[in-house]
file model-v4.cif (mmCIF, C-alpha atoms)
data_query
#
loop_
_atom_site.label_atom_id
_atom_site.label_comp_id
_atom_site.auth_asym_id
_atom_site.auth_seq_id
_atom_site.Cartn_x
_atom_site.Cartn_y
_atom_site.Cartn_z
CA MET A 1 143.26 87.04 129.25
CA THR A 2 145.95 84.85 127.75
CA THR A 3 148.40 82.76 129.75
CA LYS A 4 151.20 80.40 128.88
CA ASN A 5 151.52 77.59 131.37
CA THR A 6 154.61 75.51 130.60
CA PHE A 7 154.01 72.95 133.35
CA GLU A 8 150.84 71.25 132.11
CA LYS A 9 147.52 71.36 133.98
CA LYS A 10 148.93 71.11 137.50
CA GLY A 11 151.36 73.96 136.94
CA TRP A 12 154.68 74.14 138.76
CA THR A 13 154.77 72.61 142.25
CA PRO A 14 157.64 71.80 144.64
CA GLU A 15 157.32 68.16 143.55
CA LEU A 16 159.25 69.25 140.46
CA MET A 17 162.09 70.69 142.55
CA LYS A 18 165.21 68.57 142.76
CA SER A 19 167.44 68.36 145.82
CA GLN A 20 168.89 71.78 146.74
CA LYS A 21 171.69 70.34 148.87
CA GLY A 22 174.80 72.50 148.63
CA LYS A 23 172.86 75.60 147.57
CA THR A 24 172.44 78.83 149.54
CA PHE A 25 169.30 80.97 149.38
CA VAL A 26 168.98 84.44 150.89
CA ILE A 27 165.33 85.35 151.52
CA THR A 28 163.78 88.53 152.90
CA GLY A 29 160.66 88.48 155.07
CA THR A 30 160.51 84.89 156.32
CA THR A 31 158.78 85.14 159.70
CA SER A 32 155.35 84.46 158.18
CA GLY A 33 153.42 84.02 154.95
CA THR A 34 155.01 83.16 151.63
CA GLY A 35 158.52 83.89 152.88
CA PHE A 36 158.17 81.38 155.71
CA GLU A 37 156.78 78.75 153.34
CA ALA A 38 159.54 79.35 150.79
CA ALA A 39 162.18 78.92 153.49
CA ARG A 40 160.49 75.78 154.83
CA ILE A 41 160.24 74.12 151.42
CA LEU A 42 163.84 74.95 150.47
CA LEU A 43 165.12 73.62 153.80
CA SER A 44 163.10 70.44 153.28
CA LYS A 45 165.00 70.01 149.99
CA GLY A 46 168.37 70.26 151.74
CA ALA A 47 169.19 73.91 151.04
CA LYS A 48 170.97 76.40 153.28
CA VAL A 49 168.65 79.36 154.00
CA VAL A 50 169.73 82.79 155.22
CA MET A 51 166.77 84.85 156.43
CA LEU A 52 166.82 88.64 156.38
CA ASN A 53 164.17 89.98 158.76
CA ARG A 54 163.65 93.15 160.76
CA ASN A 55 162.36 91.43 163.92
CA SER A 56 165.03 89.41 165.75
CA LYS A 57 162.64 87.75 168.23
CA LYS A 58 160.32 86.57 165.43
CA SER A 59 163.35 85.32 163.50
CA GLU A 60 164.48 83.23 166.47
CA ASP A 61 160.96 81.87 166.89
CA THR A 62 160.82 81.06 163.17
CA ILE A 63 164.08 79.10 163.34
CA ALA A 64 162.75 77.17 166.34
CA GLU A 65 159.52 76.38 164.49
CA LEU A 66 161.37 75.27 161.36
CA LYS A 67 163.63 72.99 163.40
CA GLN A 68 160.60 71.54 165.15
CA LYS A 69 159.01 70.79 161.77
CA LEU A 70 162.12 69.65 159.89
CA GLY A 71 164.67 68.59 162.49
CA ASN A 72 167.65 70.22 164.18
CA THR A 73 170.04 69.44 161.35
CA ILE A 74 168.59 72.01 158.92
CA ASP A 75 170.98 74.81 157.93
CA VAL A 76 169.07 78.01 158.67
CA SER A 77 170.23 81.34 160.06
CA TYR A 78 169.12 84.96 160.13
CA ILE A 79 170.56 88.44 159.89
CA ARG A 80 168.62 91.45 161.07
CA MET A 81 167.69 93.85 158.28
CA ASP A 82 165.07 96.58 157.96
CA LEU A 83 164.34 97.47 154.33
CA ALA A 84 163.04 100.84 155.51
CA GLU A 85 166.54 101.87 156.61
CA GLN A 86 169.27 102.10 154.01
CA ALA A 87 171.95 101.85 156.72
CA SER A 88 170.38 98.60 157.95
CA VAL A 89 170.35 97.16 154.42
CA LYS A 90 174.02 98.06 153.97
CA ALA A 91 174.99 96.51 157.32
CA ALA A 92 173.05 93.31 156.57
CA ALA A 93 174.54 93.01 153.08
CA GLU A 94 178.02 93.46 154.51
CA GLU A 95 177.38 90.66 157.01
CA VAL A 96 176.00 88.34 154.30
CA LEU A 97 179.09 88.92 152.15
CA LYS A 98 181.35 88.27 155.15
CA MET A 99 179.62 85.09 156.31
CA TYR A 100 178.54 83.33 153.11
CA THR A 101 180.75 82.38 150.18
CA LYS A 102 177.91 81.86 147.70
CA ILE A 103 174.37 82.97 146.94
CA ASP A 104 172.52 80.71 144.54
CA ALA A 105 169.42 82.88 144.72
CA LEU A 106 168.38 86.10 146.41
CA ILE A 107 164.59 86.05 146.88
CA LEU A 108 163.14 89.52 147.46
CA ASN A 109 159.96 88.47 149.23
CA ALA A 110 159.45 91.16 151.93
CA ALA A 111 157.13 94.12 151.32
CA ILE A 112 154.68 96.48 152.97
CA ALA A 113 151.30 97.42 151.54
CA GLN A 114 148.35 99.80 151.83
CA VAL A 115 149.97 102.23 154.29
CA PRO A 116 146.92 104.41 155.12
CA LYS A 117 148.66 107.79 155.45
CA GLN A 118 151.72 109.24 153.76
CA THR A 119 154.66 108.02 155.84
CA PHE A 120 158.39 108.43 155.30
CA THR A 121 161.39 106.21 155.91
CA VAL A 122 164.35 107.53 157.91
CA ASP A 123 166.02 108.28 154.56
CA GLY A 124 163.14 110.50 153.45
CA PHE A 125 161.45 108.15 150.97
CA GLU A 126 157.70 107.56 150.88
CA SER A 127 157.47 104.36 152.91
CA GLN A 128 156.07 101.91 150.36
CA LEU A 129 158.50 103.02 147.65
CA GLY A 130 161.28 103.20 150.23
CA VAL A 131 160.78 99.62 151.40
CA ASN A 132 159.48 97.80 148.34
CA HIS A 133 161.63 99.48 145.71
CA TYR A 134 164.60 101.43 147.08
CA GLY A 135 165.34 98.97 149.89
CA ASN A 136 165.25 96.00 147.56
CA PHE A 137 167.17 97.83 144.84
CA LEU A 138 169.97 98.61 147.29
CA LEU A 139 170.10 95.04 148.60
CA GLN A 140 170.37 93.59 145.09
CA THR A 141 173.12 96.04 144.18
CA LEU A 142 175.23 95.20 147.22
CA LEU A 143 174.82 91.41 146.97
CA TYR A 144 175.19 91.24 143.20
CA PRO A 145 178.96 90.54 143.20
CA ARG A 146 178.47 87.38 145.32
CA ILE A 147 175.46 86.33 143.21
CA ALA A 148 177.54 86.79 140.05
CA GLU A 149 180.41 84.73 141.48
CA SER A 150 177.87 82.00 142.24
CA LYS A 151 176.17 82.26 138.82
CA GLY A 152 173.04 82.75 140.84
CA ARG A 153 169.63 84.33 140.52
CA ILE A 154 167.69 87.36 141.70
CA VAL A 155 163.96 86.83 142.20
CA THR A 156 161.64 89.77 142.76
CA VAL A 157 158.23 89.01 144.24
CA GLY A 158 156.01 91.59 142.62
CA SER A 159 152.23 91.82 142.64
CA MET A 160 149.36 92.03 140.18
CA GLY A 161 148.84 95.34 141.95
CA TYR A 162 151.43 96.76 139.53
CA ASN A 163 148.55 97.04 137.06
CA LEU A 164 146.05 98.79 139.35
CA GLY A 165 147.54 102.27 139.36
CA LEU A 166 149.45 104.63 137.10
CA ARG A 167 150.87 103.08 133.94
CA THR A 168 154.19 104.84 134.47
CA ILE A 169 156.42 106.12 137.27
CA GLN A 170 155.44 109.46 138.81
CA PHE A 171 158.90 111.00 138.54
CA ASP A 172 157.75 114.57 139.27
CA ASP A 173 156.43 113.59 142.71
CA MET A 174 158.06 110.39 143.91
CA ASN A 175 156.89 110.95 147.49
CA TRP A 176 153.29 111.44 146.35
CA ASP A 177 152.85 114.73 148.20
CA LYS A 178 149.98 115.79 145.94
CA ASN A 179 147.92 112.66 145.37
CA TYR A 180 148.82 110.08 148.01
CA SER A 181 146.66 106.98 148.09
CA PRO A 182 147.50 103.69 149.85
CA ASN A 183 146.74 101.51 146.85
CA GLY A 184 148.11 103.95 144.28
CA VAL A 185 151.53 104.08 145.90
CA TYR A 186 151.60 100.32 146.55
CA SER A 187 150.89 99.79 142.86
CA GLN A 188 153.67 102.23 141.97
CA SER A 189 156.17 100.47 144.24
CA LYS A 190 155.41 97.07 142.71
CA LEU A 191 155.58 98.48 139.18
CA ALA A 192 159.00 99.93 140.04
CA GLN A 193 160.22 96.56 141.34
CA ILE A 194 159.06 94.69 138.25
CA MET A 195 160.40 97.28 135.81
CA SER A 196 163.80 97.14 137.50
CA ILE A 197 164.05 93.37 137.07
CA TYR A 198 163.51 93.53 133.31
CA GLU A 199 165.91 96.46 133.07
CA LEU A 200 168.44 94.38 135.00
CA GLN A 201 167.96 91.55 132.50
CA ASP A 202 168.83 93.91 129.65
CA ARG A 203 171.89 95.26 131.45
CA LEU A 204 173.16 91.78 132.29
CA LYS A 205 172.89 90.79 128.64
CA GLU A 206 174.65 93.95 127.49
CA ALA A 207 177.47 93.25 129.97
CA GLY A 208 177.74 89.62 128.84
CA LYS A 209 176.73 88.40 132.31
CA THR A 210 174.18 85.89 131.05
CA GLU A 211 175.15 83.35 133.72
CA VAL A 212 173.22 85.52 136.23
CA LYS A 213 169.43 85.22 135.94
CA ALA A 214 166.77 87.69 137.08
CA TYR A 215 163.08 86.85 137.43
CA ALA A 216 159.82 88.57 138.34
CA CYS A 217 156.82 86.78 139.80
CA HIS A 218 153.72 87.37 141.92
CA PRO A 219 152.02 85.28 144.65
CA GLY A 220 148.42 85.78 143.56
CA ALA A 221 145.88 86.28 146.34
CA SER A 222 147.42 84.45 149.28
CA ARG A 223 146.57 84.22 152.98
CA THR A 224 149.44 86.23 154.43
CA SER A 225 149.88 88.97 157.04
CA LEU A 226 150.97 91.59 154.47
CA ILE A 227 147.89 93.82 154.83
CA LYS A 228 147.69 93.14 158.58
CA THR A 229 151.12 94.63 159.19
CA SER A 230 150.65 97.95 157.41
CA GLY A 231 147.09 98.47 156.11
CA SER A 232 144.38 100.67 157.63
CA LEU A 233 141.79 99.22 160.02
CA MET A 234 139.14 99.07 157.28
CA THR A 235 141.56 97.51 154.76
CA ARG A 236 142.57 94.88 157.31
CA PHE A 237 138.91 94.11 158.06
CA VAL A 238 138.03 93.72 154.38
CA TRP A 239 141.08 91.54 153.78
CA GLN A 240 140.19 89.28 156.71
CA LEU A 241 136.82 88.68 155.02
CA MET A 242 138.49 88.11 151.65
CA LYS A 243 140.75 85.47 153.19
CA LEU A 244 137.65 83.34 153.67
CA SER A 245 136.85 83.60 149.95
CA PRO A 246 137.48 80.64 147.63
CA LEU A 247 139.40 83.10 145.43
CA VAL A 248 142.21 83.25 148.01
CA GLN A 249 144.82 80.50 148.28
CA SER A 250 147.18 79.36 151.02
CA ALA A 251 150.47 81.08 151.76
CA GLU A 252 152.23 77.86 150.79
CA LYS A 253 150.80 77.98 147.27
CA GLY A 254 151.60 81.70 147.16
CA ALA A 255 155.26 80.76 147.65
CA TYR A 256 155.37 78.46 144.61
CA PRO A 257 156.12 81.18 142.01
CA GLU A 258 159.18 82.51 143.86
CA LEU A 259 160.42 78.97 144.48
CA MET A 260 160.02 78.13 140.81
CA CYS A 261 161.93 81.25 139.77
CA ALA A 262 164.69 80.48 142.27
CA THR A 263 165.22 76.85 141.28
CA GLU A 264 163.67 75.80 137.97
CA VAL A 265 166.27 75.05 135.31
CA ASN A 266 166.01 76.80 131.92
CA LEU A 267 163.14 79.05 132.97
CA ASP A 268 162.55 81.87 130.47
CA GLU A 269 163.57 85.17 132.07
CA ASN A 270 161.16 87.15 129.90
CA GLY A 271 158.15 85.63 131.64
CA PHE A 272 156.15 86.98 134.57
CA TYR A 273 155.22 84.04 136.78
CA GLY A 274 152.39 83.30 139.17
CA PRO A 275 149.00 81.62 139.52
CA THR A 276 147.32 81.42 136.11
CA GLY A 277 143.68 81.02 137.19
CA TYR A 278 140.88 83.59 137.02
CA GLY A 279 142.22 87.09 137.66
CA TYR A 280 145.56 85.48 138.49
CA PHE A 281 144.27 85.10 142.06
CA LYS A 282 145.09 81.40 142.33
CA GLY A 283 145.48 78.32 140.16
CA PRO A 284 148.31 76.41 138.46
CA VAL A 285 151.62 78.28 138.54
CA GLY A 286 152.97 79.27 135.15
CA GLU A 287 153.51 82.31 132.96
CA CYS A 288 151.09 85.24 133.25
CA LYS A 289 150.46 88.10 130.85
CA LEU A 290 152.47 91.21 131.70
CA GLU A 291 151.09 94.52 130.48
CA PRO A 292 153.42 96.42 128.10
CA HIS A 293 153.87 99.45 130.38
CA ALA A 294 155.81 97.25 132.84
CA LYS A 295 158.54 96.86 130.21
CA ASN A 296 158.67 100.46 128.98
CA LYS A 297 162.39 100.78 128.29
CA LYS A 298 162.59 104.58 128.48
CA VAL A 299 160.82 104.71 131.84
CA ALA A 300 162.77 101.73 133.20
CA LYS A 301 166.13 103.33 132.34
CA LYS A 302 165.12 106.62 133.96
CA LEU A 303 163.94 104.75 137.07
CA TRP A 304 167.21 102.80 137.24
CA ASP A 305 169.33 105.95 137.04
CA LEU A 306 167.18 107.62 139.69
CA SER A 307 167.39 104.57 141.96
CA GLU A 308 171.19 104.51 141.77
CA LYS A 309 171.24 108.21 142.61
CA GLU A 310 168.82 107.91 145.55
CA THR A 311 170.51 104.85 147.08
CA GLY A 312 174.00 106.19 146.42
CA VAL A 313 175.29 102.96 144.88
CA LYS A 314 175.97 101.84 141.33
CA TRP A 315 175.70 98.35 139.93
CA ASN A 316 179.10 96.89 139.11
CA LEU A 317 178.17 95.03 135.92
#
call {"tool": "encode", "arguments": {"input": "model-v4.cif", "output": "structure tokens"}}
result
Amino acid sequence: MTTKNTFEKKGWTPELMKSQKGKTFVITGTTSGTGFEAARILLSKGAKVVMLNRNSKKSEDTIAELKQKLGNTIDVSYIRMDLAEQASVKAAAEEVLKMYTKIDALILNAAIAQVPKQTFTVDGFESQLGVNHYGNFLLQTLLYPRIAESKGRIVTVGSMGYNLGLRTIQFDDMNWDKNYSPNGVYSQSKLAQIMSIYELQDRLKEAGKTEVKAYACHPGASRTSLIKTSGSLMTRFVWQLMKLSPLVQSAEKGAYPELMCATEVNLDENGFYGPTGYGYFKGPVGECKLEPHAKNKKVAKKLWDLSEKETGVKWNL
């Protein structure tokens, strides 16, 4: 397994991050885990953070906790958004565009995983694809104009799970009616997210919009509530045991790759970033090997066209 770590032995850490004063970051899924840690670290560097979460009470509690940790002067707010509902994503995006004049980075951190039985969103999508791919695809599309005006970034938090399932997109059965499996569909949803970022890179270059940057990363194996919120009882039990393993790192360290992609100057867009240790579970943050199928141009283009059709919106590049 080959890796390219451009930040020496320690890898990238927030110590390398300069002041973010005057910058605005929009982050999904910040009430716990890597999203919470990303918000906390950015706020500690002087940034403005806009949280997009589905649970209003947890969002209010999160703001209170952040103010307790960092002081009442931090600039943090939230807008309710449920990635499982396209109408909710549209309403949240409209509010973001109305309330904030710039977006220096949109960090797509929220996801669901290991849904035990085939479940559908209100829009008729298989739930993991509906949330992880279609929901995030729609949000990026709607916020892109403000990101472009700001010469900002889009950061997709993928997963090494992209490489644990099919090596392509199952276009003939996107809802997985015939062969549903919790891990198989999760893998598919993360592959779709990652493929879309590299396709976006190509389209930005073709449109001459090189001032906008798009990055893909993964958090490694981090102690978060991701499996707890959507996995089966057995999956949750196994993951609770795994959390005690030395192969699993803290949620804070799991947030480092998305923070690096959101803030590091002159970071190569072609890379796939995350922990570079054994199995990419943990270790110094740098560039990881991305398998070729994640950049299959023909499949990525077909997925992009399908995603625009299913979400009913087109990118204005």
call {"tool": "closest_atom_pairs", "arguments": {"input": "model-v4.cif", "of": "segment 127-209 of chain A", "to": "segment 243-263 of chain A", "cutoff": "10 Å", "atoms": "only C-alpha atoms", "output": "CSV"}}
result
residue,atom,partner,partner_atom,distance
A:Gly152,CA,A:Ala262,CA,8.8
A:Arg153,CA,A:Ala262,CA,6.5
A:Ile154,CA,A:Ala262,CA,7.5
A:Val155,CA,A:Ala262,CA,6.4
A:Thr156,CA,A:Glu258,CA,7.7
A:Val157,CA,A:Glu258,CA,6.6
A:Gly158,CA,A:Glu258,CA,9.7
call {"tool": "atom_distance", "arguments": {"input": "model-v4.cif", "atom1": "atom CA of Val122 of chain A", "atom2": "atom CA of Asp172 of chain A"}}
result
21.0 Å
call {"tool": "axis_aligned_box", "arguments": {"input": "model-v4.cif", "around": "segment 31-44 of chain A", "padding_each_side": "6 Å", "output": "JSON"}}
result
{"center_x": 159.3, "center_y": 77.8, "center_z": 155.1, "size_x": 23.7, "size_y": 26.7, "size_z": 21.2}
call {"tool": "residues_near_point", "arguments": {"input": "model-v4.cif", "point": "(155.5, 99.3, 153.0)", "cutoff": "6 Å", "atoms": "only C-alpha atoms", "output": "JSON, numbers by chain"}}
result
{"A": [111, 112, 113, 127, 128, 131]}
call {"tool": "residues_around", "arguments": {"input": "model-v4.cif", "residues": "segment 267-275 of chain A", "least_positions_apart": "2", "cutoff": "10 Å", "atoms": "all atoms listed in the file", "output": "ChimeraX atom specification"}}
result
/A:3-6,11-12,157-160,194,197-198,201,213-221,249,253-258,260-265,277-291
call {"tool": "residues_near_point", "arguments": {"input": "model-v4.cif", "point": "(159.5, 72.6, 149.1)", "cutoff": "9 Å", "atoms": "only C-alpha atoms", "output": "list in words"}}
result
Thr13, Pro14, Glu15, Met17, Glu37, Ala38, Ala39, Arg40, Ile41, Leu42, Leu43, Ser44, Lys45, Tyr256 and Leu259 of chain A
call {"tool": "closest_residue", "arguments": {"input": "model-v4.cif", "among": "A:Leu204, A:Ile74, A:Val26, A:Ile79", "to": "Lys57 of chain A", "atoms": "all atoms listed in the file"}}
result
A:Ile79
call {"tool": "resolve_selection", "arguments": {"input": "model-v4.cif", "expression": "the PyMOL selection byres ((chain A and resi 117) around 10)", "output": "list of chain:residue names"}}
result
A:Gln114, A:Val115, A:Pro116, A:Gln118, A:Thr119, A:Phe120, A:Ser127, A:Tyr180, A:Ser181, A:Pro182, A:Gly231, A:Ser232
call {"tool": "closest_residue", "arguments": {"input": "model-v4.cif", "among": "A:Glu308, A:Glu206, A:Glu94, A:Asp82", "to": "Asn132 of chain A", "atoms": "only C-alpha atoms"}}
result
A:Asp82
call {"tool": "atom_distance", "arguments": {"input": "model-v4.cif", "atom1": "atom CA of Asn163 of chain A", "atom2": "atom CA of Val185 of chain A"}}
result
11.7 Å
call {"tool": "resolve_selection", "arguments": {"input": "model-v4.cif", "expression": "the PyMOL selection byres ((chain A and resi 30) around 10)", "output": "PyMOL selection string"}}
result
chain A and resi 27-29+31-40+50-54+58-59+62-63+78+109-110
call {"tool": "resolve_selection", "arguments": {"input": "model-v4.cif", "expression": "the PyMOL selection byres ((chain A and resi 164) around 9)", "output": "list in words"}}
result
Met160, Gly161, Tyr162, Asn163, Gly165, Leu166, Arg167, Asn183, Gly184, Ser187 and Gln188 of chain A
call {"tool": "atom_distance", "arguments": {"input": "model-v4.cif", "atom1": "atom CA of Lys102 of chain A", "atom2": "atom CA of Thr141 of chain A"}}
result
15.4 Å
call {"tool": "closest_residue", "arguments": {"input": "model-v4.cif", "among": "A:Lys209, A:Ser196, A:Phe125, A:Ser222", "to": "Asp177 of chain A", "atoms": "all atoms listed in the file"}}
result
A:Phe125
call {"tool": "closest_residue", "arguments": {"input": "model-v4.cif", "among": "A:Phe25, A:Tyr100, A:Tyr144, A:Tyr134", "to": "Leu200 of chain A", "atoms": "all atoms listed in the file"}}
result
A:Tyr144
call {"tool": "closest_residue", "arguments": {"input": "model-v4.cif", "among": "A:Ala64, A:Leu138, A:Leu129, A:Leu143", "to": "Glu95 of chain A", "atoms": "all atoms listed in the file"}}
result
A:Leu143
call {"tool": "residues_around", "arguments": {"input": "model-v4.cif", "residues": "Lys48 of chain A", "least_positions_apart": "4", "cutoff": "6 Å", "atoms": "only C-alpha atoms", "output": "VMD selection string"}}
result
chain A and resid 24 75 to 76
call {"tool": "closest_residue", "arguments": {"input": "model-v4.cif", "among": "A:Lys298, A:Lys151, A:Arg146, A:Arg203", "to": "Ile169 of chain A", "atoms": "all atoms listed in the file"}}
result
A:Lys298
call {"tool": "residues_around", "arguments": {"input": "model-v4.cif", "residues": "Asp123 of chain A", "least_positions_apart": "6", "cutoff": "10 Å", "atoms": "all atoms listed in the file", "output": "list in words"}}
result
Ala84, Glu85, Gln86, Ala87, Gly130, Glu310 and Thr311 of chain A
call {"tool": "decode", "arguments": {"input": "model-v4.cif", "residues": "segment 111-138 of chain A", "atoms": "C-alpha atoms", "output": "mmCIF file, in the first residue's frame"}}
result
data_model
loop_
_atom_site.group_PDB
_atom_site.id
_atom_site.type_symbol
_atom_site.label_atom_id
_atom_site.label_comp_id
_atom_site.auth_asym_id
_atom_site.auth_seq_id
_atom_site.Cartn_x
_atom_site.Cartn_y
_atom_site.Cartn_z
ATOM 1 C CA ALA A 111 -23.910 10.658 6.646
ATOM 2 C CA ILE A 112 -25.811 7.551 7.668
ATOM 3 C CA ALA A 113 -24.408 4.033 7.565
ATOM 4 C CA GLN A 114 -25.256 0.338 7.782
ATOM 5 C CA VAL A 115 -29.048 0.735 7.629
ATOM 6 C CA PRO A 116 -30.090 -2.883 8.393
ATOM 7 C CA LYS A 117 -33.147 -3.124 6.124
ATOM 8 C CA GLN A 118 -33.983 -1.493 2.814
ATOM 9 C CA THR A 119 -35.488 1.875 3.736
ATOM 10 C CA PHE A 120 -36.612 4.750 1.533
ATOM 11 C CA THR A 121 -36.485 8.511 1.873
ATOM 12 C CA VAL A 122 -39.653 10.572 1.393
ATOM 13 C CA ASP A 123 -38.473 11.194 -2.180
ATOM 14 C CA GLY A 124 -38.297 7.467 -2.938
ATOM 15 C CA PHE A 125 -34.518 6.972 -2.808
ATOM 16 C CA GLU A 126 -32.856 4.094 -0.975
ATOM 17 C CA SER A 127 -31.981 5.812 2.303
ATOM 18 C CA GLN A 128 -28.181 5.599 2.297
ATOM 19 C CA LEU A 129 -27.908 6.757 -1.315
ATOM 20 C CA GLY A 130 -30.635 9.321 -0.689
ATOM 21 C CA VAL A 131 -28.840 10.898 2.266
ATOM 22 C CA ASN A 132 -25.164 10.377 1.515
ATOM 23 C CA HIS A 133 -25.232 11.015 -2.218
ATOM 24 C CA TYR A 134 -28.413 12.672 -3.496
ATOM 25 C CA GLY A 135 -28.871 14.912 -0.447
ATOM 26 C CA ASN A 136 -25.285 16.111 -0.569
ATOM 27 C CA PHE A 137 -25.326 16.454 -4.354
ATOM 28 C CA LEU A 138 -28.383 18.711 -4.148
#
